[in-house]
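Undergrad: For reference, the file upload-v7.txt (compact mmCIF, C-alpha atoms) is included below:
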```txt
# COMPACT_ATOMS: atom_id res chain seq x y z
CA MET A 1 -15.90 -17.12 4.11
CA ALA A 2 -15.08 -13.46 3.45
CA GLU A 3 -17.37 -11.60 1.08
CA LYS A 4 -15.93 -11.22 -2.40
CA TYR A 5 -16.05 -8.36 -4.88
CA THR A 6 -16.14 -10.07 -8.26
CA PHE A 7 -15.54 -8.64 -11.72
CA ARG A 8 -19.28 -9.03 -12.40
CA ASN A 9 -20.00 -6.82 -9.36
CA PHE A 10 -17.46 -4.30 -10.59
CA GLN A 11 -18.91 -4.14 -14.11
CA ALA A 12 -22.44 -3.68 -12.78
CA GLU A 13 -21.37 -0.83 -10.50
CA TYR A 14 -19.08 1.08 -12.89
CA PRO A 15 -20.20 0.38 -16.48
CA THR A 16 -19.57 3.88 -17.89
CA ASP A 17 -17.44 6.97 -17.40
CA ASP A 18 -20.51 8.77 -16.01
CA ALA A 19 -20.89 6.16 -13.27
CA CYS A 20 -17.18 6.43 -12.43
CA LEU A 21 -17.31 10.24 -12.27
CA LEU A 22 -20.37 10.13 -10.02
CA ALA A 23 -18.53 7.73 -7.70
CA ILE A 24 -15.58 10.13 -7.52
CA PHE A 25 -17.95 13.03 -6.79
CA LYS A 26 -19.62 11.15 -3.93
CA ARG A 27 -16.29 10.01 -2.47
CA LYS A 28 -14.97 13.55 -2.55
CA TYR A 29 -18.04 15.57 -1.49
CA GLY A 30 -20.40 13.00 0.01
CA GLU A 31 -24.15 12.76 -0.52
CA THR A 32 -24.57 16.52 -0.52
CA LYS A 33 -27.59 18.50 -1.81
CA HIS A 34 -25.57 21.69 -1.99
CA CYS A 35 -23.11 22.88 -4.60
CA PRO A 36 -19.54 22.29 -3.31
CA SER A 37 -18.44 25.49 -5.04
CA CYS A 38 -21.03 28.15 -4.07
CA GLY A 39 -22.95 26.30 -1.35
CA VAL A 40 -26.39 26.91 -2.88
CA GLU A 41 -28.94 24.09 -2.54
CA SER A 42 -29.12 22.55 -5.97
CA SER A 43 -29.00 19.27 -7.85
CA MET A 44 -25.83 18.82 -9.88
CA THR A 45 -26.16 18.40 -13.66
CA ARG A 46 -23.58 16.48 -15.67
CA ILE A 47 -21.79 18.61 -18.30
CA GLU A 48 -21.40 16.72 -21.55
CA GLY A 49 -17.87 16.47 -22.90
CA ARG A 50 -16.26 17.40 -19.57
CA ARG A 51 -15.56 15.64 -16.30
CA ALA A 52 -17.66 18.20 -14.52
CA TYR A 53 -21.03 19.03 -12.97
CA ALA A 54 -22.93 22.32 -12.89
CA CYS A 55 -25.35 23.68 -10.29
CA LYS A 56 -28.40 25.87 -11.05
CA GLU A 57 -26.30 29.01 -10.46
CA GLY A 58 -23.88 27.98 -13.20
CA CYS A 59 -20.93 26.98 -11.01
CA HIS A 60 -18.80 24.23 -12.47
CA VAL A 61 -17.41 21.51 -10.19
CA TYR A 62 -14.60 19.22 -11.35
CA PRO A 63 -14.46 16.13 -9.07
CA CYS A 64 -11.19 14.91 -10.61
CA ALA A 65 -9.32 18.11 -9.70
CA GLY A 66 -6.60 17.41 -7.17
CA THR A 67 -6.78 13.63 -7.71
CA VAL A 68 -4.67 11.15 -9.66
CA PHE A 69 -7.25 11.40 -12.47
CA GLU A 70 -6.61 15.12 -13.06
CA LYS A 71 -5.15 16.02 -16.48
CA SER A 72 -5.39 12.38 -17.57
CA ARG A 73 -6.97 11.73 -20.96
CA THR A 74 -7.37 8.03 -20.15
CA LYS A 75 -11.00 7.01 -19.70
CA LEU A 76 -12.19 6.69 -16.13
CA THR A 77 -13.48 3.19 -16.86
CA LEU A 78 -9.90 2.16 -17.65
CA TRP A 79 -8.64 3.79 -14.44
CA PHE A 80 -11.27 1.96 -12.43
CA HIS A 81 -10.46 -1.32 -14.19
CA ALA A 82 -6.80 -0.88 -13.23
CA MET A 83 -7.85 -0.21 -9.63
CA TYR A 84 -9.93 -3.38 -9.63
CA LEU A 85 -7.03 -5.46 -10.97
CA MET A 86 -4.61 -4.11 -8.36
CA THR A 87 -6.99 -4.85 -5.49
CA ALA A 88 -8.30 -8.21 -6.72
CA THR A 89 -4.91 -9.94 -7.06
CA ARG A 90 -2.61 -11.08 -4.25
CA ASN A 91 0.67 -10.28 -6.03
CA GLY A 92 -0.24 -7.07 -7.82
CA VAL A 93 -0.25 -6.29 -11.53
CA SER A 94 2.74 -5.40 -13.67
CA ALA A 95 2.74 -2.47 -16.07
CA LYS A 96 2.92 -4.88 -19.02
CA GLU A 97 -0.18 -6.70 -17.78
CA LEU A 98 -2.03 -3.38 -17.41
CA GLN A 99 -0.96 -2.54 -20.95
CA ARG A 100 -2.41 -5.80 -22.26
CA GLN A 101 -5.62 -5.66 -20.21
CA LEU A 102 -6.46 -1.99 -20.80
CA GLY A 103 -5.16 -1.58 -24.35
CA VAL A 104 -3.03 1.47 -23.50
CA THR A 105 0.64 2.21 -24.10
CA TYR A 106 3.30 0.92 -21.72
CA LYS A 107 4.15 4.47 -20.67
CA CYS A 108 0.50 5.09 -19.74
CA ALA A 109 0.21 1.76 -17.90
CA PHE A 110 3.41 2.41 -15.93
CA ARG A 111 2.18 5.85 -14.88
CA MET A 112 -1.25 4.52 -13.89
CA GLY A 113 0.30 1.81 -11.74
CA HIS A 114 2.44 4.29 -9.83
CA GLN A 115 -0.41 6.76 -9.44
CA LEU A 116 -2.56 4.05 -7.89
CA ARG A 117 0.30 3.08 -5.57
CA GLU A 118 0.21 6.69 -4.37
CA LEU A 119 -3.37 6.05 -3.24
CA MET A 120 -2.21 2.96 -1.37
CA THR A 121 0.66 4.96 0.14
CA ALA A 122 -1.85 7.53 1.42
CA THR A 123 -3.53 4.71 3.32
CA ALA A 124 -0.19 3.58 4.76
CA GLU A 125 0.64 7.11 5.90
CA ALA A 126 -2.77 7.47 7.58
CA GLN A 127 -2.27 4.18 9.41
CA ALA A 128 1.25 5.18 10.52
CA ALA A 129 -0.29 7.88 12.72
CA GLU A 130 -1.56 5.13 15.04
CA GLN A 131 1.09 3.12 16.85
CA LEU A 132 1.00 -0.66 16.96
CA THR A 133 0.17 -2.20 20.33
CA GLY A 134 0.02 -5.58 22.04
CA HIS A 135 2.30 -8.21 20.52
CA VAL A 136 4.44 -6.80 17.69
CA GLU A 137 7.01 -8.53 15.50
CA VAL A 138 9.89 -6.51 14.05
CA ASP A 139 12.32 -7.69 11.41
CA GLU A 140 14.33 -6.44 8.46
CA THR A 141 14.95 -8.04 5.08
CA TYR A 142 17.11 -7.51 2.01
CA VAL A 143 15.42 -6.96 -1.35
CA GLY A 144 16.86 -6.99 -4.87
CA GLY A 145 20.50 -6.72 -5.85
CA TYR A 146 22.84 -9.63 -6.39
CA GLN A 147 25.69 -9.17 -3.90
CA LYS A 148 25.05 -11.21 -0.76
CA ARG A 149 26.08 -9.93 2.64
CA ASP A 150 28.23 -12.15 4.83
CA LYS A 151 30.27 -11.79 8.01
CA LYS A 152 33.50 -11.07 6.15
CA ASN A 153 32.06 -8.79 3.49
CA HIS A 154 29.52 -6.36 4.95
CA LYS A 155 29.03 -4.55 1.64
CA SER A 156 25.84 -5.29 -0.25
CA ASN A 157 23.88 -3.67 -3.07
CA LYS A 158 20.59 -4.99 -1.71
CA THR A 159 17.96 -2.63 -0.31
CA ILE A 160 17.00 -2.99 3.36
CA VAL A 161 13.36 -2.90 4.44
CA VAL A 162 12.31 -2.94 8.11
CA GLY A 163 8.81 -4.16 8.88
CA PHE A 164 6.41 -4.19 11.82
CA VAL A 165 3.37 -6.44 12.18
CA GLN A 166 0.92 -6.57 15.06
CA ARG A 167 -0.34 -10.06 15.84
CA GLY A 168 -3.73 -10.27 14.18
CA GLY A 169 -3.44 -6.65 13.06
CA ASN A 170 -1.78 -4.40 10.51
CA TYR A 171 1.61 -4.36 8.85
CA ARG A 172 3.80 -1.41 7.90
CA ALA A 173 7.34 -1.04 6.61
CA GLU A 174 10.01 1.47 5.66
CA VAL A 175 12.99 1.34 3.34
CA ILE A 176 16.12 2.21 5.35
CA PRO A 177 19.77 2.81 4.35
CA ALA A 178 21.28 0.53 7.03
CA ASN A 179 20.26 -1.90 9.78
CA THR A 180 22.16 -0.08 12.54
CA LYS A 181 20.80 0.82 15.97
CA ALA A 182 20.63 4.48 14.95
CA ARG A 183 18.31 3.55 12.06
CA LEU A 184 16.19 0.82 13.62
CA VAL A 185 15.46 1.92 17.20
CA PRO A 186 13.92 5.33 16.25
CA ARG A 187 11.60 3.56 13.83
CA VAL A 188 10.51 1.08 16.48
CA ILE A 189 9.73 4.03 18.78
CA LYS A 190 7.81 5.70 15.94
CA HIS A 191 5.63 2.73 15.03
CA VAL A 192 5.28 0.72 18.26
CA ALA A 193 3.66 2.01 21.46
CA GLN A 194 5.65 1.79 24.68
CA GLY A 195 4.73 -1.18 26.85
CA ALA A 196 4.17 -3.46 23.86
CA THR A 197 5.80 -6.88 23.58
CA VAL A 198 8.34 -6.74 20.76
CA ASN A 199 9.80 -9.85 19.13
CA THR A 200 12.93 -9.62 16.98
CA ASP A 201 15.81 -11.82 15.88
CA SER A 202 19.17 -11.66 17.62
CA LEU A 203 20.48 -8.60 15.77
CA ARG A 204 22.54 -6.46 18.16
CA SER A 205 20.80 -3.26 17.00
CA TYR A 206 17.64 -4.25 18.92
CA ARG A 207 19.30 -4.93 22.27
CA THR A 208 18.44 -1.52 23.77
CA LEU A 209 14.67 -1.79 23.21
CA THR A 210 14.08 -2.78 26.85
CA LYS A 211 15.52 0.57 27.95
CA HIS A 212 12.92 2.33 25.81
CA GLY A 213 9.97 0.74 27.63
CA TYR A 214 9.36 -2.40 25.56
CA ASN A 215 9.06 -6.02 26.65
CA HIS A 216 11.71 -7.24 24.22
CA VAL A 217 12.13 -10.96 23.51
CA SER A 218 14.47 -12.13 20.75
CA VAL A 219 14.94 -15.49 19.03
CA ASN A 220 18.36 -16.64 17.86
CA HIS A 221 18.07 -17.96 14.32
CA GLU A 222 21.80 -18.63 14.14
CA VAL A 223 21.39 -21.60 16.49
CA LYS A 224 18.14 -22.65 14.76
CA GLN A 225 15.94 -21.22 17.49
CA TRP A 226 12.67 -20.28 15.80
CA ALA A 227 10.45 -19.62 18.82
CA VAL A 228 10.55 -19.06 22.58
CA GLY A 229 7.06 -20.02 23.67
CA VAL A 230 4.70 -17.54 21.97
CA HIS A 231 7.60 -15.31 20.98
CA ASN A 232 8.69 -15.57 17.33
CA THR A 233 8.97 -13.60 14.11
CA ASN A 234 7.04 -16.03 11.91
CA SER A 235 4.31 -13.58 10.87
CA ILE A 236 6.67 -10.88 9.61
CA GLU A 237 8.90 -13.45 7.88
CA GLY A 238 5.84 -14.92 6.20
CA PHE A 239 5.05 -11.47 4.83
CA TRP A 240 8.64 -11.06 3.58
CA SER A 241 8.28 -14.35 1.72
CA HIS A 242 5.03 -13.20 0.11
CA LEU A 243 6.53 -9.79 -0.78
CA LYS A 244 9.63 -11.23 -2.43
CA ARG A 245 7.70 -13.85 -4.38
CA GLY A 246 5.31 -11.17 -5.59
CA LEU A 247 8.08 -8.79 -6.66
CA SER A 248 10.10 -11.47 -8.46
CA SER A 249 7.16 -13.20 -10.16
CA THR A 250 4.96 -10.25 -11.09
CA HIS A 251 7.41 -7.38 -11.52
CA CYS A 252 10.64 -9.36 -12.10
CA ALA A 253 12.69 -6.52 -10.61
CA VAL A 254 12.03 -3.28 -8.69
CA SER A 255 14.49 -0.40 -8.39
CA PRO A 256 15.39 0.98 -4.92
CA LYS A 257 13.88 4.30 -6.03
CA HIS A 258 10.37 2.83 -6.28
CA LEU A 259 10.64 0.01 -3.73
CA GLN A 260 8.80 1.90 -0.96
CA ALA A 261 5.76 2.33 -3.22
CA TYR A 262 5.65 -1.40 -3.97
CA VAL A 263 6.06 -2.27 -0.28
CA ASN A 264 3.12 0.04 0.53
CA GLU A 265 1.06 -1.66 -2.19
CA PHE A 266 1.61 -5.11 -0.68
CA ALA A 267 0.98 -3.73 2.81
CA PHE A 268 -2.33 -2.22 1.65
CA ARG A 269 -3.59 -5.59 0.43
CA PHE A 270 -2.28 -7.39 3.52
CA ASN A 271 -3.98 -4.95 5.90
CA ASN A 272 -7.30 -5.37 4.07
CA ARG A 273 -7.05 -9.15 3.72
CA HIS A 274 -9.98 -9.84 6.04
CA GLU A 275 -12.36 -7.61 4.04
CA PRO A 276 -11.50 -8.11 0.35
CA ALA A 277 -14.88 -6.80 -0.76
CA GLN A 278 -14.10 -3.41 0.82
CA MET A 279 -10.61 -3.07 -0.67
CA PHE A 280 -11.66 -1.37 -3.92
CA GLY A 281 -13.87 1.13 -2.08
CA ARG A 282 -11.13 1.98 0.39
CA LEU A 283 -8.68 2.60 -2.41
CA LEU A 284 -11.20 4.85 -4.16
CA GLY A 285 -11.77 6.64 -0.85
CA GLN A 286 -8.16 7.87 -0.86
CA ILE A 287 -8.53 10.03 -3.97
CA SER A 288 -9.05 13.25 -2.03
CA ARG A 289 -5.99 12.62 0.18
CA VAL A 290 -3.36 12.56 -2.55
```
Translate this structure into structure tokens?
TA:
Amino acid sequence: MAEKYTFRNFQAEYPTDDACLLAIFKRKYGETKHCPSCGVESSMTRIEGRRAYACKEGCHVYPCAGTVFEKSRTKLTLWFHAMYLMTATRNGVSAKELQRQLGVTYKCAFRMGHQLRELMTATAEAQAAEQLTGHVEVDETYVGGYQKRDKKNHKSNKTIVVGFVQRGGNYRAEVIPANTKARLVPRVIKHVAQGATVNTDSLRSYRTLTKHGYNHVSVNHEVKQWAVGVHNTNSIEGFWSHLKRGLSSTHCAVSPKHLQAYVNEFAFRFNNRHEPAQMFGRLLGQISRV
């Protein structure tokens, strides 16, 4: 069974604002014995009333500068509590739930949620630098809206998301304006290494993948073909099901403007599913990358 990071563990580790600020300092500068500002060897002294430390030479260091916590008057313990909630749940946390749990205004809770999704997006962007290899499933889905797409009426107000998942590995996705070959093939080339086995459905836009150096095998869902031996798109479709249930149950509705951030949030939790105890620390580790 995977190790868990419980709320009791969280409370013991981050009981006060001082503990939270020290954690931010260590994540940003490491276990250093030198002042990050002037470089002199010195222990850092906490400055009362400020989110800052001072060295023996009088230099002030603000660990929250350049992070999502900068210029925020909300207590760091509340920020950390929100981070814990967003990493401890499978379907995320709505702004209204953050408002109720933290005792802040809805405007503050909404901003905190999106700021923390920026941290998760930083993780997704770092992972995108490494291409997926081996056996990769590729599929697109339609999110939101109310106008269904059919063969006679190609117009739809739903938002298209294309996703990539490596068997036993990570997931990533992008919001795209259309599911045409010009939109899909370049993204496959961007995210999937040449020589990989790529499984898709029977969409015509994927038919040229073999020419780009991929072992492309498709399954035809229109004739109720769900697998060809080990070739299928079950993993990526399972993620779509989880994503849509999470968006509709937790957030009720998500606008196309913010959909990419929510997709990155679900991808962050999915990619860290095997090490749930490390998820909070990895999210905190992104503060210096935003």
Undergrad: Do you have the CA of Glu41 (chain A)-CA of Thr67 (chain A) distance handy?
TA: 25.0 Å
Undergrad: Using only C-alpha atoms, find the one residue out of A:Val138, A:Val175, A:Ala109, A:Ala23 that sits nearest to Lys158 (chain A).
TA: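 The closest residue to Lys158 (chain A) is A:Val175.
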Undergrad: From the list A:Gly144, A:Lys71, A:Gly168, A:Asn9, which residue is nearest Tyr84 (chain A) when using all atoms listed in the file?
TA: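 Using all atoms listed in the file, Tyr84 (chain A) sits closest to A:Asn9.
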Undergrad: Measuring atom to atom with all atoms listed in the file, identify which of A:Ala52, A:Ala277, A:Val228, A:Val198 is nearest to Tyr5 (chain A).
TA: A:Ala277
Undergrad: Closest to Glu137 (chain A) among A:Asp18, A:Glu3, A:Glu48, A:Asp201, using all atoms listed in the file?
TA: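 Ranking A:Asp18, A:Glu3, A:Glu48, A:Asp201 by distance to Glu137 (chain A), first place goes to A:Asp201.
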Undergrad: Of the candidates A:Gly163, A:Pro186, A:Gly66, A:Gly103, which one gets nearest to Leu78 (chain A) if we count all atoms listed in the file?
TA: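 Of all the options, A:Gly103 lies closest to Leu78 (chain A).
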Undergrad: So that I can see what lies close to Ala65 (chain A), please list as a list in words the residues with an atom at most 10 Å from it, counting only C-alpha atoms and leaving out residues fewer than 2 positions away in the same chain.
TA: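 After dropping sequence-adjacent residues, the list is Arg51, Ala52, Val61, Tyr62, Pro63, Thr67, Val68, Phe69, Glu70, Lys71, Ile287 and Ser288 of chain A.
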Undergrad: So that I can see what lies close to Ala54 (chain A), please list as a list in words the residues with an atom at most 12 Å from it, counting all atoms listed in the file and leaving out residues fewer than 4 positions away in the same chain.
TA: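 Here the answer would be His34, Cys35, Pro36, Ser37, Cys38, Val40, Ser42, Ser43, Met44, Thr45, Arg46, Ile47, Glu48, Arg50, Gly58, Cys59, His60, Val61, Tyr62 and Pro63 of chain A.
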Undergrad: Report, in Å to a single decimal, how far apart CA of Gln99 (chain A) and CA of Phe239 (chain A) are.
TA: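 One can read the CA of Phe239 (chain A) to CA of Gln99 (chain A) distance as 27.9 Å.
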Undergrad: Name the closest residue to Gly195 (chain A) among the candidates A:Ala173, A:Ala182, A:Lys211, A:Gly49; distances are taken between atoms, counting all atoms listed in the file.
TA: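 Among the listed residues, A:Lys211 lies closest to Gly195 (chain A).
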